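Novice: For reference, the structure I am asking about is given below.
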Amino acid sequence: MPLGPPQQQAVLALLLVAGGRAVPMADIVDALWPDNPPPSAANVVHRYVGALRRVIEPDLPRRATGGWLLPAPGGYQPVVDAGSLDLLRFRELVRRAGEQGPRDGLASLLDALDLWQGPVAAGVVEEIRSGARFVAVEHERVAAVRLAVRLAFECGEPGAVLPALRLVAHGHPLDEALHADLMLALAATGAQAEAIEVYESSRARLADELGLDPGEALRAAHRSVLAPAGAPPAAPVVRPAQLPRALDAFVGREDEVEALSEAAAEGAGLLVVTGMAGVGKTTLAVHLAHQLAQHHPDGLLYANLRGFHPAGQAVAPAVQLHDFLHALGVRPADVPDGEQARAALFRSLLAGRRALVLLDNARDAEQVRPLLPGPGCLTVVTSRDDLAGLVATDNAFAVRLDVLDEDAAREVLVRRLGKRRVGAETRVVDAILTACARLPLALAVVAARAATRPTFTLAALAEDLVETRDGLDALSTGDAALDVRAVFSWSYDALSPAAAGLFRRLALTPGDDVGAAAVAALLGEPAARTRRVLAELCAAHLLTEHAPGRYALHDLLRLYAAELAHEHDTLEERDAAVRAVLEHYLHTACAAALALSPDRVPIPLDPPAEAVRPLRFADGERAAAWFTAEHQVLLAAQARAAATGRHDVAWRLAWAMAHHLDRTGHWHDLRATSEAAVASARLVGDRLGEGHGLVGLSRAEADLGRIAEACGHSERALVALDGVAEPRLLAELRRGISWLHESAGDYDAALLHAQEALRLQRLGGDPTMLARALNAVGWCLGLVGRHEESLAHCLEGLALTRPDDGYGMADLRDSIANALFHLGRLDEAAEQYRRALASYEELGIRFAVADTGERLGDVEAVAGRAERAVEQWRASLTAFEELGLPRADRLRAKLADLLGGSDPPPR
């Protein structure tokens with residue numbers, strides 16, 4: 001059919017890729033005109049749809065809607081099903097494969113992949129095809145072929161999937177996991193040479209286009225391909241074990257545990273535990289998961305979805321999927337964007353595996369569905385919501401918990417207080433059970449208070465509880481009118497003033513938990529005094545030390561504490577508490593950032609309040625450990641700072657986190673925090689903050705392989721920082737931009753930015769940074785063939801380098817040797833390489849030793865000193881092999897050539 005002009009074709013593609021769902025007009029306009037839609041955009045879309053209707057139904061009267069492209073609220077909806085739309089047929093076959101055995105499932109997947117005739121929306125202009133809707137469908141194809149590979153290996157038929165796998169891998173040249181699958185499939189069918197060729201071409205492409213070495217997936221496949229004959233090629237399998245510790249004194253719930261266990265044994269893949277807050281859903285689910293863990297050897301995944309967190313910070317499914325994929329061994333760079341694509345990859349990774357997933361504290365069925373793995377796995381979900389949608393449409397087996405029966409509730413007290421003490425005051429215990437409404441959380445609080453007062457009779461404690469209860473309303477949680485506030489109040493009223501004040505302020509902290517140092521800032525007391533107050537709260541069971549030095553409030557207790565804070569503390573006092581804890585995180589994070597990266601240019605900071613006492617770090621290792629422990633809390637702290645108007649704190653926290661997020665591969669978090677930093681800085685007109693946020697965005701995009709976008713953010717950062725940043729900061733930014741252009745293969749642009757970095761460093765007066773800039777310029781001059789100038793710059797840098805800066809000295813000597821080699825001054829080049837090599841060996845940098853050693857061997861070979869070349873190459877070959885790096889194969893080939901075609905030296 002003649003579908004009309006390109007944009008009209010794009011409209012049809014956008015409607016069809018929605019798979020039968022309505023597409024809002026705003027989404028169509030955004031896709032067709034990503035930057036500046038014309039005022040008449042909606043009218044243009046209407047005309048396109050009208051023209052398409054007449055193409056599909058030639059006899060359709062003008063202005064009639066026809067039967068295929070129907071109007072929908074705010075947009076249009078195509079009338080399609082699996083019989084008329086190949087995308088829906090594809091999805092139906094993939095879904096069916098997940099419900100079948102390996103052999104039938106493989107057949108369904110191959111049928112699904114046969115439906116593809118090229119890239120999704122082929123023929124639509126690239127600017128529109130690169131939109132999220134089309135990219136997500138491409139990810140579905142990748143996930144399907146990877147699942148087909150797993151099933152093909154399971155069936156012993158790797159050759160069956162090769163045609164589809166080749167096509168998809170060809171269309172995704174930078175997808176390392178796909179090419180690793182292709183290598184393993186080729187090797188399994190006897191095509192080992194072709195598998196090695198795939199590896200070499202992938203390695204070269206990664207280096208040329210991204211400036212990266214192959215990741216673990218490709219390296220593992222390569223090692224497998226090179227394994228001795230008969231060894232089955234297999235990629236390493238990651239088996240996470242994330243379940244929380246089970247409660248030692250688990251009481252009651254025998255019927256519920258038995259019912260859930262039987263359902264799992266009979267093949268139920270989704271178990272749901274619901275009930276009011278504090279009724280023990282998590283305790284039961286964790287206990288059950290540990291009992292069933294032996295039947296799920298391929299991994300135990302856990303997530304607290306924070307569906308009913310008092311601060312409203314429920315975890316988005318896309319965020320949790322990122323963490324699950326990371327736990328399953330997916331590199332951050334390989335985690336796709338978008339919830340749908342991540343969910344597809346998650347299901348693919350767990351296909352054919354027996355894993356258990358515990359989703360705690362879910363908000364609703366929509367939060368849960370993207371996190372469900374495929375058949376063979378077991379998912380346990382807890383929620384205050386009844387999750388009726390999962391029962392109705394996802395075949396979930398559900399159990400609703402009520403309060404404990406009298407025997408189980410009494411047993412809770414027996415376990416904590418002893419049989420003799422409980423048995424001596426039976427009637428009093430009955431009164432306590434009634435006051436606590438047999439709610440496990442309330443019973444735990446009461447038992448904790450009684451345990452810390454062993455000389456008190458239970459009658460005295462019960463009388464105190466009843467008196468407290470009489471004057472209080474029910475704690476409203478949206479679940480039931482239970483008088484648990486009285487129980488909490490009973491323990492709260494017994495606290496010391498310091499502990500009571502801290503309990504109230506803990507409700508104001510960001511994140512799910514808090515470290516002892518942040519508590520000290522909140523309390524305004526020294527660490528020793530803070531520990532005593534924390535111990536008092538833990539003893540009263542109002543706070544839990546879930547990990548050494550880290551404390552958490554149950555959601556009900558957080559609600560109660562927040563209520564008390566609003567009742568007893570003024571707005572100014574609450575604001576001061578939030579300000580103190582944000583100051584702690586900001587100043588500690590900045591100190592950790594500089595310990596982690598001592599060469600960073602510090603940002604301006606007002607001194608902290610005297611009571612804050614931020615942490616200091618002796619070395620980068622301790623700083624990195626702190627960042628890891630506080631990762632989620634720092635993200636929440638930045639969000640809290642922005643929400644409360646502390647935009648100066650919001651962008652500075654992003655700056656402090658940037659290098660840690662970059663090094664640990666949390667590149668999506670780096671992008672999100674940097675975007676938030678830019679937004680906060682722009683709101684208050686802070687160009688320095690905006691520039692730093694853009695630098696973080698550039699780093700994130702580069703990490704994610706989007707070099708062009710990274711360059712754009714860096715260029716905008718230069719504009720923002722012009723006139724407000726000191727020269728050495730601008731110089732480091734230029735040096736980073738130079739590296740980006742080098743990675744993209746634009747050596748001329750790389751040189752220009754390196755030269756500007758050098759100009760700025762000459763203004764700064766720091767010899768170390770000036771030497772690094774000279775080295776950057778020298779290296780880039782070598783890339784464009786200007787070796788004399790390269791040598792001059794590197795020699796100048798060497799003269800400025802301190803003798804104790806072994807790493808800087810070695811890098812410069814390596815660059816000098818490279819220039820000398822290309823100038824034909826072979827003996828001098830060899831000498832510089834030897835001196836660089838000695839420095840790297842002293843520093844213990846094994847890759848640099850092997851890398852420079854190989855280039856020294858190159859010099860010796862060109863100079864005709866074959867024995868020295870062989871000796872040097874063999875030493876480097878050993879190092880590359882021990883490091884598991886792909887350079888070993890290239891070096892082995894060099895040795896074979898130099899030795900006149902004889903067999904390579906033994907590994």
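By order in the structure tokens, chains are A, B, ...; within a chain, residues start at 1; ligands start at 1, following the order shown.
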Sorted by chain and rising residue number, which residues of stretch 499-617 of chain A lie within 8 Å of stretch 653-665 of chain A, and what are their closest atom pairs and distances in Å to one decimal, counting only C-alpha atoms, as a tab-separated table?
Specialist:
```
residue	atom	partner	partner_atom	distance
A:Tyr585	CA	A:Leu653	CA	8.0
A:Leu586	CA	A:Leu653	CA	5.8
A:Ala589	CA	A:Ala656	CA	5.6
A:Cys590	CA	A:Ala656	CA	5.0
A:Ala592	CA	A:Ala656	CA	7.7
A:Ala593	CA	A:Ala656	CA	5.3
A:Leu596	CA	A:His660	CA	7.8
A:Ser597	CA	A:His659	CA	7.6
```
Novice: Which polymer residues have any atom within 12 Å of an atom of A:Ala517, counting only C-alpha atoms, with same-chain residues fewer than 3 positions away left out, as an mmCIF file with N, CA and C atoms, in the first residue's frame?
Specialist:
```cif
data_model
loop_
_atom_site.group_PDB
_atom_site.id
_atom_site.type_symbol
_atom_site.label_atom_id
_atom_site.label_comp_id
_atom_site.auth_asym_id
_atom_site.auth_seq_id
_atom_site.Cartn_x
_atom_site.Cartn_y
_atom_site.Cartn_z
ATOM 1 N N VAL A 514 19.147 4.476 58.907
ATOM 2 C CA VAL A 514 20.032 5.592 59.230
ATOM 3 C C VAL A 514 21.241 5.038 59.966
ATOM 4 N N ALA A 520 23.803 10.848 65.379
ATOM 5 C CA ALA A 520 24.497 11.795 66.260
ATOM 6 C C ALA A 520 24.239 13.227 65.817
ATOM 7 N N ALA A 521 24.229 13.467 64.498
ATOM 8 C CA ALA A 521 23.923 14.813 64.002
ATOM 9 C C ALA A 521 22.491 15.194 64.323
ATOM 10 N N LEU A 522 21.579 14.244 64.196
ATOM 11 C CA LEU A 522 20.169 14.491 64.482
ATOM 12 C C LEU A 522 19.968 14.813 65.961
ATOM 13 N N LEU A 523 20.701 14.100 66.815
ATOM 14 C CA LEU A 523 20.578 14.278 68.260
ATOM 15 C C LEU A 523 21.395 15.463 68.765
ATOM 16 N N GLY A 524 22.452 15.816 68.004
ATOM 17 C CA GLY A 524 23.322 16.900 68.446
ATOM 18 C C GLY A 524 24.183 16.521 69.623
ATOM 19 N N GLU A 525 24.541 15.225 69.708
ATOM 20 C CA GLU A 525 25.316 14.714 70.828
ATOM 21 C C GLU A 525 26.537 13.953 70.312
ATOM 22 N N PRO A 526 27.578 13.778 71.143
ATOM 23 C CA PRO A 526 28.743 12.979 70.737
ATOM 24 C C PRO A 526 28.351 11.530 70.485
ATOM 25 N N ALA A 527 29.243 10.795 69.826
ATOM 26 C CA ALA A 527 28.950 9.420 69.412
ATOM 27 C C ALA A 527 28.647 8.514 70.597
ATOM 28 N N ALA A 528 29.419 8.639 71.696
ATOM 29 C CA ALA A 528 29.206 7.752 72.836
ATOM 30 C C ALA A 528 27.820 7.951 73.439
ATOM 31 N N ARG A 529 27.423 9.213 73.603
ATOM 32 C CA ARG A 529 26.092 9.502 74.142
ATOM 33 C C ARG A 529 25.010 9.001 73.180
ATOM 34 N N THR A 530 25.237 9.157 71.889
ATOM 35 C CA THR A 530 24.266 8.714 70.894
ATOM 36 C C THR A 530 24.069 7.208 70.961
ATOM 37 N N ARG A 531 25.143 6.467 71.128
ATOM 38 C CA ARG A 531 25.029 5.003 71.194
ATOM 39 C C ARG A 531 24.165 4.575 72.376
ATOM 40 N N LEU A 534 20.536 5.215 71.416
ATOM 41 C CA LEU A 534 20.099 4.210 70.443
ATOM 42 C C LEU A 534 19.851 2.868 71.117
ATOM 43 N N GLY A 549 25.472 -0.903 63.365
ATOM 44 C CA GLY A 549 25.556 0.543 63.200
ATOM 45 C C GLY A 549 24.479 1.148 62.319
ATOM 46 N N ARG A 550 23.493 0.359 61.878
ATOM 47 C CA ARG A 550 22.426 0.883 61.025
ATOM 48 C C ARG A 550 21.067 0.527 61.633
ATOM 49 N N TYR A 551 20.179 1.524 61.650
ATOM 50 C CA TYR A 551 18.937 1.403 62.411
ATOM 51 C C TYR A 551 17.736 1.720 61.517
ATOM 52 N N ALA A 580 19.958 19.515 59.988
ATOM 53 C CA ALA A 580 21.145 18.900 60.592
ATOM 54 C C ALA A 580 21.509 17.591 59.906
ATOM 55 N N VAL A 581 20.499 16.745 59.626
ATOM 56 C CA VAL A 581 20.819 15.455 59.029
ATOM 57 C C VAL A 581 21.265 15.635 57.578
ATOM 58 N N GLU A 583 22.862 18.278 56.461
ATOM 59 C CA GLU A 583 24.239 18.790 56.569
ATOM 60 C C GLU A 583 25.213 17.657 56.839
ATOM 61 N N HIS A 584 24.802 16.718 57.695
ATOM 62 C CA HIS A 584 25.689 15.575 57.961
ATOM 63 C C HIS A 584 25.987 14.810 56.685
ATOM 64 N N TYR A 585 24.932 14.480 55.941
ATOM 65 C CA TYR A 585 25.145 13.707 54.718
ATOM 66 C C TYR A 585 25.949 14.506 53.702
ATOM 67 N N HIS A 587 28.227 17.066 54.157
ATOM 68 C CA HIS A 587 29.639 17.267 54.504
ATOM 69 C C HIS A 587 30.387 15.937 54.568
ATOM 70 N N THR A 588 29.720 14.889 55.035
ATOM 71 C CA THR A 588 30.380 13.580 55.047
ATOM 72 C C THR A 588 30.587 13.073 53.624
ATOM 73 N N ALA A 611 27.267 20.941 65.986
ATOM 74 C CA ALA A 611 26.760 19.645 66.442
ATOM 75 C C ALA A 611 26.777 18.583 65.355
ATOM 76 N N VAL A 612 27.021 18.953 64.100
ATOM 77 C CA VAL A 612 26.910 17.991 63.004
ATOM 78 C C VAL A 612 28.046 16.977 63.010
ATOM 79 N N ARG A 613 29.266 17.409 63.208
ATOM 80 C CA ARG A 613 30.439 16.525 63.288
ATOM 81 C C ARG A 613 30.494 15.501 62.150
ATOM 82 N N PRO A 614 30.692 15.952 60.910
ATOM 83 C CA PRO A 614 30.741 14.994 59.786
ATOM 84 C C PRO A 614 31.917 14.036 59.914
ATOM 85 N N LEU A 615 31.779 12.863 59.289
ATOM 86 C CA LEU A 615 32.835 11.858 59.320
ATOM 87 C C LEU A 615 34.003 12.285 58.441
ATOM 88 N N ARG A 616 35.186 11.785 58.772
ATOM 89 C CA ARG A 616 36.377 11.957 57.941
ATOM 90 C C ARG A 616 36.913 10.574 57.596
ATOM 91 N N TRP A 626 31.679 3.564 52.927
ATOM 92 C CA TRP A 626 30.608 4.436 53.431
ATOM 93 C C TRP A 626 29.601 4.739 52.328
ATOM 94 N N GLU A 630 25.563 3.832 52.415
ATOM 95 C CA GLU A 630 24.590 4.932 52.428
ATOM 96 C C GLU A 630 23.979 5.200 51.046
#
```
Novice: Can you work out which one of A:Leu439, A:Gly19, A:Val578, A:Pro37 has the shortest atom-to-atom distance to A:Ser84, counting only C-alpha atoms?
Specialist: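 For A:Ser84, the nearest of the given residues is A:Gly19.
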Novice: Counting only C-alpha atoms, what is within 12 Å of A:Leu823, bar same-chain residues fewer than 6 positions away, as a ChimeraX atom specification?
Specialist: /A:782,785-791,816-817,829,859
Novice: Find the spatial neighbours of A:Glu209, counting only C-alpha atoms, within a cut-off of 10 Å - ignore same-chain residues fewer than 4 positions away - and output them as a list in words.
Specialist: Leu174, Ala204, Arg205, Gly705, Ile707, Glu742, Ser743, Ala744 and Gly745 of chain A
Novice: Expressed in Å to a single decimal, how great is the separation between atom CA of A:Thr801 and atom CA of A:Glu860?
Specialist: 27.6 Å
Novice: How many Å separate atom CA of A:Ala343 from atom CA of A:Glu140?
Specialist: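 Those two atoms sit 9.5 Å apart.
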Novice: Would you kindly return, as a PDB file with C-alpha atoms, in the first residue's frame, each protein, DNA or RNA residue with an atom no farther than 9 Å from any atom of A:Leu359, considering only C-alpha atoms and excluding same-chain residues fewer than 4 positions away?
Specialist:
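So result.pdb came out as:
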```
ATOM      1  CA  LEU A 301      16.241 -12.314  45.404  1.00  0.00           C
ATOM      2  CA  TYR A 302      14.714  -9.872  47.907  1.00  0.00           C
ATOM      3  CA  ALA A 303      13.260  -6.394  47.575  1.00  0.00           C
ATOM      4  CA  ASN A 304      11.518  -4.037  49.984  1.00  0.00           C
ATOM      5  CA  LEU A 305       9.179  -2.197  47.602  1.00  0.00           C
ATOM      6  CA  VAL A 368       4.404  -6.281  41.278  1.00  0.00           C
ATOM      7  CA  LEU A 371       8.919  -7.964  38.724  1.00  0.00           C
ATOM      8  CA  THR A 379       7.561 -15.360  43.847  1.00  0.00           C
ATOM      9  CA  VAL A 380       6.338 -14.468  47.349  1.00  0.00           C
ATOM     10  CA  VAL A 381       4.642 -11.077  47.768  1.00  0.00           C
ATOM     11  CA  THR A 382       3.538  -9.268  50.927  1.00  0.00           C
ATOM     12  CA  SER A 383       1.198  -6.284  50.975  1.00  0.00           C
TER      13      SER A 383
END
```
Novice: I need the residue nearest A:Gly329 from this list: A:Ala177, A:Leu167, A:Ala191, A:Ala869. Use only C-alpha atoms for the distance.
Specialist: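 For A:Gly329, the nearest of the candidates is A:Ala177.
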Novice: Within 12 Å of A:Ala629, counting only C-alpha atoms, which residues qualify if same-chain residues fewer than 3 places away don't, as a list in words?
Specialist: Gly511, Asp512, Asp513, Val514, Gly515, Ala516, Ala547, Pro548, Gly549, Arg550, Ala589, Arg622, Ala623, Ala624, Ala625, Trp626, Gln632, Val633, Leu634, Leu635 and His660 of chain A
Novice: Would you please extract all strand (DSSP E or B) residues from stretch 251-319 of chain A, as assigned by DSSP on the backbone, and give them as number ranges by chain?
Specialist: A: 270-274, 300-304
Novice: Using N, CA and C atoms, can you export the residues from the last selection as a PDB file, in the first residue's frame?
Specialist:
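File written: selection_19.pdb
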```pdb
ATOM      1  N   LEU A 270       3.210 -18.113  42.309  1.00  0.00           N
ATOM      2  CA  LEU A 270       3.030 -16.786  42.914  1.00  0.00           C
ATOM      3  C   LEU A 270       2.223 -16.936  44.196  1.00  0.00           C
ATOM      4  N   LEU A 271       2.851 -16.626  45.335  1.00  0.00           N
ATOM      5  CA  LEU A 271       2.205 -16.693  46.641  1.00  0.00           C
ATOM      6  C   LEU A 271       2.068 -15.275  47.179  1.00  0.00           C
ATOM      7  N   VAL A 272       0.904 -14.958  47.723  1.00  0.00           N
ATOM      8  CA  VAL A 272       0.631 -13.608  48.207  1.00  0.00           C
ATOM      9  C   VAL A 272       0.234 -13.680  49.670  1.00  0.00           C
ATOM     10  N   VAL A 273       0.872 -12.857  50.496  1.00  0.00           N
ATOM     11  CA  VAL A 273       0.550 -12.771  51.919  1.00  0.00           C
ATOM     12  C   VAL A 273       0.089 -11.347  52.196  1.00  0.00           C
ATOM     13  N   THR A 274      -1.157 -11.168  52.633  1.00  0.00           N
ATOM     14  CA  THR A 274      -1.692  -9.835  52.879  1.00  0.00           C
ATOM     15  C   THR A 274      -2.141  -9.713  54.329  1.00  0.00           C
ATOM     16  N   LEU A 300      18.243 -16.401  45.250  1.00  0.00           N
ATOM     17  CA  LEU A 300      17.241 -15.908  46.196  1.00  0.00           C
ATOM     18  C   LEU A 300      17.299 -14.382  46.165  1.00  0.00           C
ATOM     19  N   LEU A 301      16.289 -13.758  45.579  1.00  0.00           N
ATOM     20  CA  LEU A 301      16.241 -12.314  45.404  1.00  0.00           C
ATOM     21  C   LEU A 301      15.254 -11.710  46.394  1.00  0.00           C
ATOM     22  N   TYR A 302      15.596 -10.542  46.929  1.00  0.00           N
ATOM     23  CA  TYR A 302      14.714  -9.872  47.907  1.00  0.00           C
ATOM     24  C   TYR A 302      14.634  -8.385  47.584  1.00  0.00           C
ATOM     25  N   ALA A 303      13.428  -7.831  47.744  1.00  0.00           N
ATOM     26  CA  ALA A 303      13.260  -6.394  47.575  1.00  0.00           C
ATOM     27  C   ALA A 303      12.210  -5.881  48.543  1.00  0.00           C
ATOM     28  N   ASN A 304      12.519  -4.775  49.212  1.00  0.00           N
ATOM     29  CA  ASN A 304      11.518  -4.037  49.984  1.00  0.00           C
ATOM     30  C   ASN A 304      10.977  -2.953  49.061  1.00  0.00           C
TER      31      ASN A 304
END
```
Novice: Might you pull out every residue within 10 Å of A:Ala22, with only C-alpha atoms counted and same-chain residues fewer than 2 positions away left off, and present them as a PDB file with N, CA and C atoms, in the first residue's frame?
Specialist:
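Contents of out-v8.pdb, freshly written:
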```pdb
ATOM      1  N   LEU A  15       1.208   3.909  16.068  1.00  0.00           N
ATOM      2  CA  LEU A  15      -0.065   3.316  16.486  1.00  0.00           C
ATOM      3  C   LEU A  15       0.047   1.798  16.590  1.00  0.00           C
ATOM      4  N   LEU A  16       0.724   1.183  15.626  1.00  0.00           N
ATOM      5  CA  LEU A  16       0.819  -0.274  15.631  1.00  0.00           C
ATOM      6  C   LEU A  16       1.738  -0.789  16.737  1.00  0.00           C
ATOM      7  N   ALA A  18       2.036   0.231  19.569  1.00  0.00           N
ATOM      8  CA  ALA A  18       1.348   0.242  20.864  1.00  0.00           C
ATOM      9  C   ALA A  18       0.625  -1.067  21.127  1.00  0.00           C
ATOM     10  N   GLY A  19       0.528  -1.924  20.117  1.00  0.00           N
ATOM     11  CA  GLY A  19      -0.023  -3.259  20.314  1.00  0.00           C
ATOM     12  C   GLY A  19      -1.497  -3.282  20.672  1.00  0.00           C
ATOM     13  N   GLY A  20      -2.270  -2.348  20.128  1.00  0.00           N
ATOM     14  CA  GLY A  20      -3.701  -2.344  20.388  1.00  0.00           C
ATOM     15  C   GLY A  20      -4.135  -1.385  21.475  1.00  0.00           C
ATOM     16  N   PRO A  24      -1.834   8.393  23.167  1.00  0.00           N
ATOM     17  CA  PRO A  24      -2.209   9.795  23.342  1.00  0.00           C
ATOM     18  C   PRO A  24      -1.635  10.674  22.224  1.00  0.00           C
ATOM     19  N   MET A  25      -2.363  11.711  21.873  1.00  0.00           N
ATOM     20  CA  MET A  25      -1.885  12.653  20.859  1.00  0.00           C
ATOM     21  C   MET A  25      -0.540  13.244  21.258  1.00  0.00           C
ATOM     22  N   LEU A  69      -8.640   2.430  12.658  1.00  0.00           N
ATOM     23  CA  LEU A  69      -7.956   3.458  13.453  1.00  0.00           C
ATOM     24  C   LEU A  69      -9.030   4.303  14.123  1.00  0.00           C
ATOM     25  N   LEU A  70      -9.363   3.932  15.357  1.00  0.00           N
ATOM     26  CA  LEU A  70     -10.493   4.551  16.040  1.00  0.00           C
ATOM     27  C   LEU A  70     -10.030   5.709  16.919  1.00  0.00           C
ATOM     28  N   PRO A  71     -10.889   6.722  17.081  1.00  0.00           N
ATOM     29  CA  PRO A  71     -10.563   7.786  18.041  1.00  0.00           C
ATOM     30  C   PRO A  71     -10.629   7.238  19.465  1.00  0.00           C
ATOM     31  N   ALA A  72      -9.758   7.718  20.318  1.00  0.00           N
ATOM     32  CA  ALA A  72      -9.736   7.345  21.733  1.00  0.00           C
ATOM     33  C   ALA A  72      -9.563   8.628  22.532  1.00  0.00           C
ATOM     34  N   PRO A  73      -9.882   8.613  23.815  1.00  0.00           N
ATOM     35  CA  PRO A  73      -9.727   9.834  24.618  1.00  0.00           C
ATOM     36  C   PRO A  73      -8.314  10.407  24.505  1.00  0.00           C
ATOM     37  N   GLY A  74      -8.212  11.554  23.872  1.00  0.00           N
ATOM     38  CA  GLY A  74      -6.920  12.222  23.749  1.00  0.00           C
ATOM     39  C   GLY A  74      -6.002  11.646  22.705  1.00  0.00           C
ATOM     40  N   GLY A  75      -6.473  10.723  21.833  1.00  0.00           N
ATOM     41  CA  GLY A  75      -5.571  10.149  20.849  1.00  0.00           C
ATOM     42  C   GLY A  75      -6.284   9.174  19.931  1.00  0.00           C
ATOM     43  N   TYR A  76      -5.576   8.100  19.562  1.00  0.00           N
ATOM     44  CA  TYR A  76      -6.125   7.106  18.641  1.00  0.00           C
ATOM     45  C   TYR A  76      -5.782   5.710  19.134  1.00  0.00           C
ATOM     46  N   GLN A  77      -6.616   4.742  18.682  1.00  0.00           N
ATOM     47  CA  GLN A  77      -6.403   3.348  19.067  1.00  0.00           C
ATOM     48  C   GLN A  77      -6.610   2.446  17.853  1.00  0.00           C
ATOM     49  N   PRO A  78      -5.583   1.658  17.479  1.00  0.00           N
ATOM     50  CA  PRO A  78      -5.753   0.727  16.357  1.00  0.00           C
ATOM     51  C   PRO A  78      -6.531  -0.506  16.800  1.00  0.00           C
ATOM     52  N   VAL A  79      -7.334  -1.056  15.910  1.00  0.00           N
ATOM     53  CA  VAL A  79      -8.078  -2.286  16.198  1.00  0.00           C
ATOM     54  C   VAL A  79      -7.273  -3.448  15.623  1.00  0.00           C
TER      55      VAL A  79
END
```
Novice: Can you tell me, as JSON, numbers by chain, which residues in stretch 375-606 of chain A count as helix (DSSP H, G or I) by DSSP?
Specialist: {"A": [388, 389, 390, 391, 392, 393, 406, 407, 408, 409, 410, 411, 412, 413, 414, 415, 416, 417, 419, 420, 421, 422, 423, 426, 427, 428, 429, 430, 431, 432, 433, 434, 435, 440, 441, 442, 443, 444, 445, 446, 447, 448, 449, 450, 451, 458, 459, 460, 461, 462, 463, 464, 465, 466, 467, 468, 469, 470, 484, 485, 486, 487, 488, 489, 490, 491, 492, 497, 498, 499, 500, 501, 502, 503, 504, 505, 506, 516, 517, 518, 519, 520, 521, 522, 523, 527, 528, 529, 530, 531, 532, 533, 534, 535, 536, 537, 538, 539, 555, 556, 557, 558, 559, 560, 561, 562, 563, 564, 565, 566, 567, 568, 571, 572, 573, 574, 575, 576, 577, 578, 579, 580, 581, 582, 583, 584, 585, 586, 587, 588, 589, 590, 591, 592, 593, 594, 595, 596]}
Novice: In Å, rounded to a single decimal, give me how far atom CA of A:Leu740 is from atom CA of A:Ala850.
Specialist: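 Straight-line distance from atom CA of A:Ala850 to atom CA of A:Leu740 works out to 24.9 Å.
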